[in-house]
$ cat structure34.txt   # compact mmCIF, C-alpha atoms
# COMPACT_ATOMS: atom_id res chain seq x y z
CA MET A 9 104.50 114.04 82.18
CA THR A 10 107.92 115.53 81.51
CA ALA A 11 111.18 113.64 82.02
CA ARG A 12 112.14 116.19 84.68
CA SER A 13 109.02 115.51 86.75
CA GLY A 14 109.66 111.75 86.46
CA TRP A 15 113.22 112.26 87.70
CA TRP A 16 112.07 114.45 90.58
CA ARG A 17 109.50 111.84 91.58
CA ASP A 18 112.27 109.21 91.71
CA VAL A 19 114.42 111.51 93.86
CA LYS A 20 111.52 112.04 96.27
CA ARG A 21 110.88 108.31 96.53
CA ALA A 22 114.57 107.62 97.15
CA TRP A 23 114.66 110.29 99.89
CA VAL A 24 111.58 108.88 101.62
CA THR A 25 113.01 105.35 101.46
CA PHE A 26 116.30 106.60 102.88
CA VAL A 27 114.58 108.41 105.76
CA VAL A 28 112.31 105.46 106.56
CA ALA A 29 115.25 103.03 106.48
CA GLY A 30 117.09 105.30 108.92
CA MET A 31 114.08 105.52 111.20
CA PHE A 32 113.72 101.74 111.16
CA VAL A 33 117.35 101.32 112.21
CA VAL A 34 116.97 103.92 114.98
CA ARG A 35 113.88 102.14 116.22
CA MET A 36 115.57 98.75 116.31
CA LEU A 37 118.61 100.16 118.10
CA SER A 38 116.40 101.92 120.66
CA LEU A 39 114.46 98.73 121.22
CA LEU A 40 117.71 96.84 121.77
CA LEU A 41 118.96 99.47 124.19
CA MET A 42 115.71 99.53 126.15
CA ALA A 43 115.53 95.74 126.30
CA LEU A 44 119.10 95.72 127.63
CA LEU A 45 118.36 98.38 130.23
CA GLN A 46 115.26 96.51 131.31
CA GLN A 47 117.41 93.40 131.85
CA LEU A 48 120.14 95.30 133.74
CA VAL A 49 118.23 97.98 135.63
CA GLY A 50 114.57 96.96 135.33
CA GLY A 51 111.61 99.08 136.33
CA ALA A 52 109.62 99.16 133.09
CA GLU A 53 106.14 97.68 133.20
CA ILE A 54 106.22 94.67 130.87
CA ARG A 55 102.88 92.94 130.68
CA PRO A 56 102.76 89.17 130.14
CA ALA A 57 102.04 88.21 126.52
CA MET B 8 104.44 78.73 88.72
CA SER B 9 103.59 75.26 87.37
CA TRP B 10 101.20 74.83 84.51
CA PRO B 11 98.43 73.73 84.07
CA PRO B 12 96.82 75.13 87.24
CA TYR B 13 95.33 71.81 88.33
CA HIS B 14 93.88 73.41 91.46
CA LEU B 15 91.20 74.97 89.22
CA MET B 16 89.65 71.50 88.94
CA LYS B 17 89.86 70.60 92.61
CA ARG B 18 86.46 70.49 94.24
CA ASP B 19 87.52 71.88 97.62
CA TYR B 20 89.33 74.81 95.92
CA LEU B 21 86.24 75.54 93.81
CA ALA B 22 83.99 75.35 96.87
CA GLU B 23 86.27 77.74 98.78
CA ALA B 24 86.44 80.17 95.84
CA LYS B 25 82.63 80.11 95.48
CA ALA B 26 82.17 80.75 99.22
CA LYS B 27 84.64 83.68 99.12
CA ASN B 28 82.96 85.23 96.07
CA GLU B 29 79.60 85.00 97.83
CA ARG B 30 81.10 86.72 100.87
CA LEU B 31 82.64 89.43 98.66
CA GLU B 32 79.30 90.06 96.99
CA ARG B 33 77.67 90.15 100.42
CA LEU B 34 80.01 93.03 101.41
CA TYR B 35 78.35 95.07 98.64
CA HIS B 36 74.79 94.25 99.70
CA VAL B 37 75.47 94.74 103.42
CA GLY B 38 77.18 98.04 102.61
CA HIS B 39 74.11 99.16 100.69
CA LYS B 40 71.80 98.09 103.51
CA GLN B 41 73.91 99.73 106.23
CA ALA B 42 74.53 102.98 104.33
CA TRP B 43 73.92 105.98 106.56
CA ASP B 44 73.43 109.64 105.79
CA GLY B 45 76.47 111.50 107.16
CA LYS B 46 74.84 114.93 107.07
CA GLN B 47 71.77 113.69 108.90
CA VAL B 48 73.64 111.65 111.53
CA LEU B 49 76.04 114.49 112.37
CA ALA B 50 73.24 117.06 112.52
CA GLU B 51 71.26 114.83 114.89
CA LEU B 52 74.26 114.25 117.15
CA LEU B 53 75.11 117.95 117.26
CA LYS B 54 71.51 118.73 118.19
CA LYS B 55 71.42 115.95 120.80
CA HIS B 56 74.57 117.14 122.55
CA GLY B 57 74.13 120.86 122.02
CA GLY B 58 77.09 121.15 119.69
CA ILE B 59 80.74 120.31 120.36
CA ARG B 60 81.76 121.48 123.80
CA ILE B 61 85.33 120.69 124.69
CA ALA B 62 88.32 122.44 126.28
CA PRO B 63 90.61 124.31 123.82
CA ALA B 64 93.60 122.04 124.56
CA LYS B 65 91.53 118.95 123.78
CA LYS B 66 90.10 120.65 120.69
CA LYS B 67 93.59 121.16 119.32
CA ALA B 68 94.52 117.56 120.16
CA LEU B 69 91.43 116.29 118.34
CA ALA B 70 92.24 118.43 115.30
CA GLU B 71 95.81 117.08 115.23
CA ILE B 72 94.72 113.45 115.32
CA PHE B 73 91.71 113.76 113.08
CA SER B 74 93.48 115.70 110.36
CA THR B 75 95.26 112.39 109.78
CA ILE B 76 91.90 110.62 109.62
CA LEU B 77 90.38 113.24 107.30
CA TRP B 78 93.09 112.98 104.65
CA GLY B 79 93.29 109.24 105.16
CA GLU B 80 89.61 108.99 104.23
CA LEU B 81 90.19 111.05 101.09
CA ALA B 82 93.07 108.79 100.11
CA ALA B 83 90.97 105.69 100.82
CA TRP B 84 88.22 107.12 98.61
CA SER B 85 90.64 107.46 95.66
CA ILE B 86 92.30 104.11 96.30
CA SER B 87 89.02 102.21 96.55
CA ALA B 88 87.94 103.86 93.28
CA ASP B 89 91.20 102.53 91.75
CA LEU B 90 90.38 99.08 93.14
CA ALA B 91 86.86 99.18 91.71
CA LEU B 92 88.38 99.93 88.29
CA GLN B 93 91.22 97.43 88.42
CA LEU B 94 89.62 94.41 90.08
CA GLU B 95 88.34 92.01 87.47
CA ASP B 96 86.15 89.66 89.51
CA THR B 97 82.61 91.00 89.62
CA GLU B 98 82.08 90.30 93.32
CA ALA B 99 85.33 91.99 94.34
CA LYS B 100 84.49 94.93 92.05
CA MET B 101 81.13 95.24 93.81
CA ALA B 102 82.78 95.21 97.26
CA ALA B 103 85.28 97.91 96.19
CA THR B 104 82.50 100.04 94.68
CA SER B 105 80.59 99.86 97.96
CA GLN B 106 83.77 101.06 99.69
CA VAL B 107 83.97 104.11 97.39
CA PHE B 108 80.59 105.26 98.67
CA ASP B 109 81.58 104.58 102.28
CA GLU B 110 84.84 106.52 102.05
CA ALA B 111 83.16 109.48 100.36
CA ARG B 112 80.69 109.56 103.21
CA HIS B 113 83.49 109.32 105.80
CA PHE B 114 85.40 112.18 104.19
CA TYR B 115 82.55 114.66 104.04
CA THR B 116 81.27 113.70 107.51
CA MET B 117 84.74 114.08 109.07
CA ARG B 118 85.22 117.36 107.19
CA ASP B 119 81.90 118.65 108.54
CA TYR B 120 82.78 117.51 112.07
CA LEU B 121 86.14 119.29 111.95
CA LEU B 122 84.46 122.44 110.62
CA ALA B 123 81.98 122.23 113.51
CA LEU B 124 84.93 121.76 115.91
CA ASP B 125 85.96 125.22 114.78
CA CYS B 126 89.66 124.68 115.27
CA GLU B 127 92.48 125.15 112.81
CA VAL B 128 93.25 121.81 111.19
CA PRO B 129 97.03 121.39 110.95
CA PRO B 130 98.79 120.25 107.77
CA LEU B 131 99.28 116.53 107.34
CA ASP B 132 102.35 115.14 109.11
CA GLY B 133 105.21 113.72 107.05
CA TYR B 134 104.67 110.10 108.13
CA THR B 135 101.01 109.92 107.13
CA HIS B 136 101.75 111.83 103.93
CA ALA B 137 104.42 109.26 103.02
CA VAL B 138 102.09 106.28 103.64
CA LEU B 139 99.15 107.74 101.76
CA THR B 140 101.10 108.98 98.73
CA GLU B 141 102.90 105.62 98.48
CA LEU B 142 99.53 103.88 98.21
CA LEU B 143 97.96 106.55 95.98
CA ASP B 144 100.88 106.62 93.52
CA THR B 145 101.45 102.88 93.13
CA HIS B 146 99.87 101.24 90.10
CA ARG B 147 100.13 97.80 91.73
CA LEU B 148 96.77 96.42 92.81
CA ILE B 149 98.40 94.12 95.36
CA ASP B 150 100.17 97.05 97.08
CA LYS B 151 96.92 98.97 97.37
CA LEU B 152 95.07 95.98 98.81
CA LEU B 153 97.83 95.03 101.22
CA GLY B 154 98.73 98.55 102.26
CA MET B 155 95.31 100.15 102.46
CA GLN B 156 92.84 97.35 103.08
CA LEU B 157 94.91 95.32 105.49
CA ILE B 158 97.17 97.71 107.31
CA VAL B 159 95.74 101.23 107.13
CA GLU B 160 92.09 100.19 107.45
CA SER B 161 92.96 97.98 110.46
CA VAL B 162 94.68 100.93 112.10
CA ALA B 163 91.59 103.04 111.38
CA VAL B 164 89.23 100.42 112.90
CA THR B 165 91.37 100.27 116.05
CA LEU B 166 91.62 104.03 116.36
CA PHE B 167 87.89 104.59 115.90
CA LYS B 168 87.08 102.01 118.58
CA THR B 169 89.64 103.53 120.94
CA VAL B 170 88.40 107.08 120.44
CA ALA B 171 84.79 106.00 120.95
CA GLN B 172 85.67 104.22 124.20
CA ALA B 173 87.83 107.06 125.49
CA ASN B 174 84.70 109.24 125.52
CA VAL B 175 86.71 112.24 124.45
CA GLU B 176 83.75 114.18 123.11
CA PRO B 177 80.18 112.83 122.98
CA VAL B 178 79.36 113.72 119.35
CA LEU B 179 82.54 112.03 118.18
CA SER B 180 82.04 109.03 120.49
CA GLU B 181 78.64 108.37 118.92
CA LEU B 182 79.88 109.04 115.39
CA MET B 183 82.81 106.62 115.58
CA PRO B 184 80.79 103.36 115.60
CA TYR B 185 79.32 104.30 112.19
CA PHE B 186 82.84 104.65 110.78
CA GLU B 187 84.08 101.53 112.54
CA ARG B 188 81.35 99.30 111.14
CA ASP B 189 82.09 100.42 107.57
CA GLU B 190 85.86 100.02 107.97
CA ALA B 191 85.44 96.45 109.20
CA ARG B 192 83.84 95.60 105.82
CA HIS B 193 86.77 97.21 104.02
CA VAL B 194 89.26 95.04 105.89
CA GLY B 195 87.05 92.13 104.82
CA LEU B 196 87.68 92.92 101.13
CA GLY B 197 91.41 92.59 101.69
CA VAL B 198 91.07 89.38 103.72
CA LEU B 199 88.84 87.73 101.13
CA TYR B 200 90.54 88.86 97.92
CA LEU B 201 94.23 89.23 98.71
CA PRO B 202 95.07 85.52 99.11
CA ARG B 203 94.27 84.76 95.47
CA LEU B 204 96.60 87.56 94.33
CA LEU B 205 99.33 86.44 96.72
CA ALA B 206 99.10 82.79 95.66
CA GLY B 207 100.84 83.50 92.36
CA ILE B 208 103.79 85.55 93.59
CA GLY B 209 107.45 84.51 93.56
CA PRO B 210 110.08 84.98 96.28
CA LEU B 211 111.36 88.37 94.99
CA GLU B 212 107.87 89.82 94.89
CA GLY B 213 107.19 88.31 98.33
CA ALA B 214 110.28 90.03 99.70
CA ARG B 215 109.28 93.34 98.08
CA LEU B 216 105.83 93.13 99.67
CA LYS B 217 107.27 92.39 103.09
CA LEU B 218 109.54 95.44 102.76
CA LEU B 219 106.53 97.54 101.82
CA GLN B 220 104.70 96.41 104.95
CA LEU B 221 107.76 97.10 107.07
CA LYS B 222 107.95 100.60 105.56
CA ILE B 223 104.30 101.29 106.35
CA VAL B 224 104.40 100.01 109.95
CA THR B 225 107.64 101.96 110.57
CA LEU B 226 105.93 105.14 109.38
CA ILE B 227 102.83 104.42 111.48
CA GLY B 228 104.96 103.77 114.58
CA TRP B 229 106.94 107.00 114.26
CA GLY B 230 103.79 108.92 113.36
CA THR B 231 102.29 107.74 116.63
CA HIS B 232 105.33 108.99 118.57
CA LEU B 233 104.91 112.37 116.88
CA LYS B 234 101.33 112.63 118.12
CA THR B 235 101.80 111.06 121.56
CA ARG B 236 101.22 114.27 123.49
CA TYR B 237 97.84 114.72 121.76
CA PHE B 238 96.80 111.15 122.55
CA VAL B 239 97.76 111.75 126.19
CA GLU B 240 95.78 115.01 126.22
CA LEU B 241 92.71 113.08 125.12
CA GLY B 242 93.27 110.29 127.64
CA ILE B 243 93.93 107.72 124.92
CA ASP B 244 96.24 104.92 126.01
CA ASN B 245 98.53 104.02 123.07
CA ASN B 246 99.66 100.87 124.86
CA GLU B 247 96.08 99.61 124.85
CA THR B 248 95.51 100.80 121.29
CA PHE B 249 98.55 98.99 119.93
CA ARG B 250 97.67 95.79 121.77
CA ARG B 251 94.18 95.94 120.35
CA GLY B 252 95.65 96.60 116.90
CA MET B 253 97.97 93.60 117.20
CA LYS B 254 95.04 91.37 118.17
CA LEU B 255 93.05 92.57 115.17
CA ASN B 256 96.06 92.08 112.92
CA ASN B 257 96.42 88.48 114.10
CA GLU B 258 92.73 87.82 113.44
CA VAL B 259 93.02 89.35 109.98
CA MET B 260 96.06 87.25 109.13
CA SER B 261 94.36 84.09 110.44
CA GLY B 262 91.46 84.88 108.12
CA MET B 263 93.86 84.78 105.19
CA ARG B 264 95.28 81.36 105.92
CA THR B 265 94.35 78.54 103.53
CA PRO B 266 92.08 75.74 104.81
CA ASP B 267 95.33 73.71 105.22
CA GLY B 268 96.60 76.38 107.61
CA GLU B 269 99.18 77.73 105.15
CA GLU B 270 100.13 81.37 105.60
CA PRO B 271 99.77 83.71 102.62
CA ARG B 272 103.01 84.47 100.80
CA GLY B 273 104.44 87.97 100.98
CA VAL B 274 102.65 88.90 104.19
CA LEU B 275 104.45 89.70 107.42
CA VAL B 276 102.56 87.22 109.54
CA GLY B 277 103.43 87.18 113.20
CA SER B 278 105.36 84.19 114.39
CA ALA B 279 105.36 83.58 118.14
CA GLU B 280 108.81 85.21 118.39
CA LEU B 281 107.76 88.27 116.38
CA ASP B 282 104.62 88.65 118.51
CA ARG B 283 106.73 88.57 121.69
CA MET B 284 109.07 91.19 120.26
CA ASN B 285 106.11 93.37 119.30
CA ASP B 286 104.59 93.02 122.79
CA LEU B 287 107.90 94.05 124.33
CA ALA B 288 108.24 96.98 121.92
CA ILE B 289 104.73 98.20 122.74
CA ASP B 290 105.40 98.16 126.50
CA LEU B 291 108.82 99.81 126.16
CA PHE B 292 107.90 102.50 123.59
CA PHE B 293 104.35 103.16 124.80
CA PRO B 294 104.12 102.62 128.55
CA ARG B 295 100.59 102.31 129.86
CA LEU B 296 98.86 105.65 130.47
CA GLY B 297 99.05 106.53 134.13
CA SER B 298 102.01 104.24 134.84
CA SER B 299 105.31 105.56 136.21
CA PRO B 300 108.09 104.52 133.84
CA PRO B 301 111.64 104.52 135.23
CA ARG B 302 113.85 107.49 134.43
CA TRP B 303 115.86 105.63 131.73
CA GLN B 304 112.67 104.69 129.87
CA HIS B 305 111.24 108.19 130.19
CA ARG B 306 114.47 109.73 128.80
CA ILE B 307 114.69 107.36 125.85
CA ILE B 308 111.04 107.90 124.95
CA SER B 309 111.52 111.69 125.16
CA THR B 310 114.49 111.38 122.80
CA ILE B 311 112.43 109.26 120.43
CA GLU B 312 109.67 111.88 120.44
CA LYS B 313 112.21 114.57 119.58
CA LEU B 314 113.60 112.37 116.79
CA SER B 315 110.07 111.84 115.48
CA ARG B 316 109.87 115.60 114.86
CA VAL B 317 113.17 115.46 112.96
CA GLY B 318 111.83 112.61 110.81
CA ASP B 319 108.61 114.52 110.23
CA ARG B 320 110.53 117.55 108.95
CA ALA B 321 112.74 115.35 106.77
CA LEU B 322 109.71 113.73 105.15
CA ARG B 323 107.90 117.03 104.71
CA LEU B 324 110.83 118.35 102.65
CA VAL B 325 109.47 116.35 99.73
CA ALA B 326 105.77 116.43 100.62

$ encode --input "structure34.txt" --output "structure tokens"
Amino acid sequence: MTARSGWWRDVKRAWVTFVVAGMFVVRMLSLLLMALLQQLVGGAEIRPA
Amino acid sequence: MSWPPYHLMKRDYLAEAKAKNERLERLYHVGHKQAWDGKQVLAELLKKHGGIRIAPAKKKALAEIFSTILWGELAAWSISADLALQLEDTEAKMAATSQVFDEARHFYTMRDYLLALDCEVPPLDGYTHAVLTELLDTHRLIDKLLGMQLIVESVAVTLFKTVAQANVEPVLSELMPYFERDEARHVGLGVLYLPRLLAGIGPLEGARLKLLQLKIVTLIGWGTHLKTRYFVELGIDNNETFRRGMKLNNEVMSGMRTPDGEEPRGVLVGSAELDRMNDLAIDLFFPRLGSSPPRWQHRIISTIEKLSRVGDRALRLVA
């Protein structure tokens, strides 16, 4: 395996980690927003645990 | 870790280890006994139901969802072969070897089904690609066991059960229980073997493993959003599927607790608070099929589905 392919693999991994981290943050923020809206406006069907 | 490992002389530890090894070995023998011929089973089902007869829109939806399954089975085949090589305990090696045969059978059977479906199979989505290549590329045995055996296989078991019950297409509905039964044994390998690997890890490694799990479940969640319209087309309720998946996950994690009730290190086990948050997330992100969500919920979910396509394209840049 060449050094270049090793470097490219690291770049790909870093990109994937960056995208996933971003998607995690977006998900958490959306969850927060929806939970807030459910408290304020209501209407969503929330089943008991 | 303290030395010497005094627990190796404790009778109850030895009894537990012996019982687990026997159960691991049993996975191999049960797998051998329950082995089925994929070509024969599929041919019989196609003959019984007169082929695959389904509306074009549903055909496309099936192809979209099962392309994920197809390539997942191929990845599981390679990963279980890695496990069979790397695991040192004979009984665990036997269980992993049995899984290699199962996954090979799943791959060729699913391939043959999709060919019989006669619909273009789309390329793998970015989320699934990221999960599978992460687990294929890692050299760490513990990552493969945790990622594939515990998380991905549990998702597969849940999906197979859901698809069978949804009665989407009769050949597939009768094929799914064969897959489901095998996958349940594969989860068993993770449940039985992982605790001994996790017992020796330190806090940094524990944190790394938890991040890995978080990465995988984030990818699975967004991947589900990407495919929501296909699930809806097939009448599959993601709310129900996720709840079922959570229940299975809790059972799996309970199976990994020590006899003293201690939770395994490095595993994202659900506390009561985390379970409540997950329940809320399921109901907010995946409202029950047939329900009428309020406009604010509908808009946010639509936005999330659009964002899932952005994420898919971003991940495919490096696929």

$ closest_residue --input "structure34.txt" --among "B:Ile307, B:Leu255, B:Val159, B:Val317" --to "A:Met42" --atoms "only C-alpha atoms"
B:Ile307

$ interface_residues --input "structure34.txt" --of "chain A" --to "chain B" --cutoff "7 Å" --atoms "all atoms listed in the file" --output "list in words"
Lys20, Val24, Val28, Phe32, Leu39, Met42, Gly51, Ala52, Glu53, Ile54 and Ala57 of chain A

$ closest_residue --input "structure34.txt" --among "B:Ile149, B:Val175, B:Leu182, B:Leu233" --to "B:Ala62" --atoms "all atoms listed in the file"
B:Val175

$ atom_distance --input "structure34.txt" --atom1 "atom CA of B:Pro129" --atom2 "atom CA of B:Lys234"
12.1 Å

$ closest_residue --input "structure34.txt" --among "B:Leu143, B:Glu29, B:Leu21, B:Arg203" --to "B:Leu81" --atoms "only C-alpha atoms"
B:Leu143

$ residues_around --input "structure34.txt" --residues "B:Ile158" --least-positions-apart "6" --cutoff "10 Å" --atoms "all atoms listed in the file" --output "mmCIF file with C-alpha atoms, keeping the file's coordinate frame"
data_model
loop_
_atom_site.group_PDB
_atom_site.id
_atom_site.type_symbol
_atom_site.label_atom_id
_atom_site.label_comp_id
_atom_site.auth_asym_id
_atom_site.auth_seq_id
_atom_site.Cartn_x
_atom_site.Cartn_y
_atom_site.Cartn_z
ATOM 1 C CA LEU B 152 95.070 95.980 98.810
ATOM 2 C CA VAL B 194 89.260 95.040 105.890
ATOM 3 C CA GLY B 197 91.410 92.590 101.690
ATOM 4 C CA GLN B 220 104.700 96.410 104.950
ATOM 5 C CA ILE B 223 104.300 101.290 106.350
ATOM 6 C CA VAL B 224 104.400 100.010 109.950
ATOM 7 C CA ILE B 227 102.830 104.420 111.480
ATOM 8 C CA GLY B 252 95.650 96.600 116.900
ATOM 9 C CA ASN B 256 96.060 92.080 112.920
ATOM 10 C CA VAL B 259 93.020 89.350 109.980
#

$ atom_distance --input "structure34.txt" --atom1 "atom CA of B:Leu77" --atom2 "atom CA of B:His39"
22.5 Å
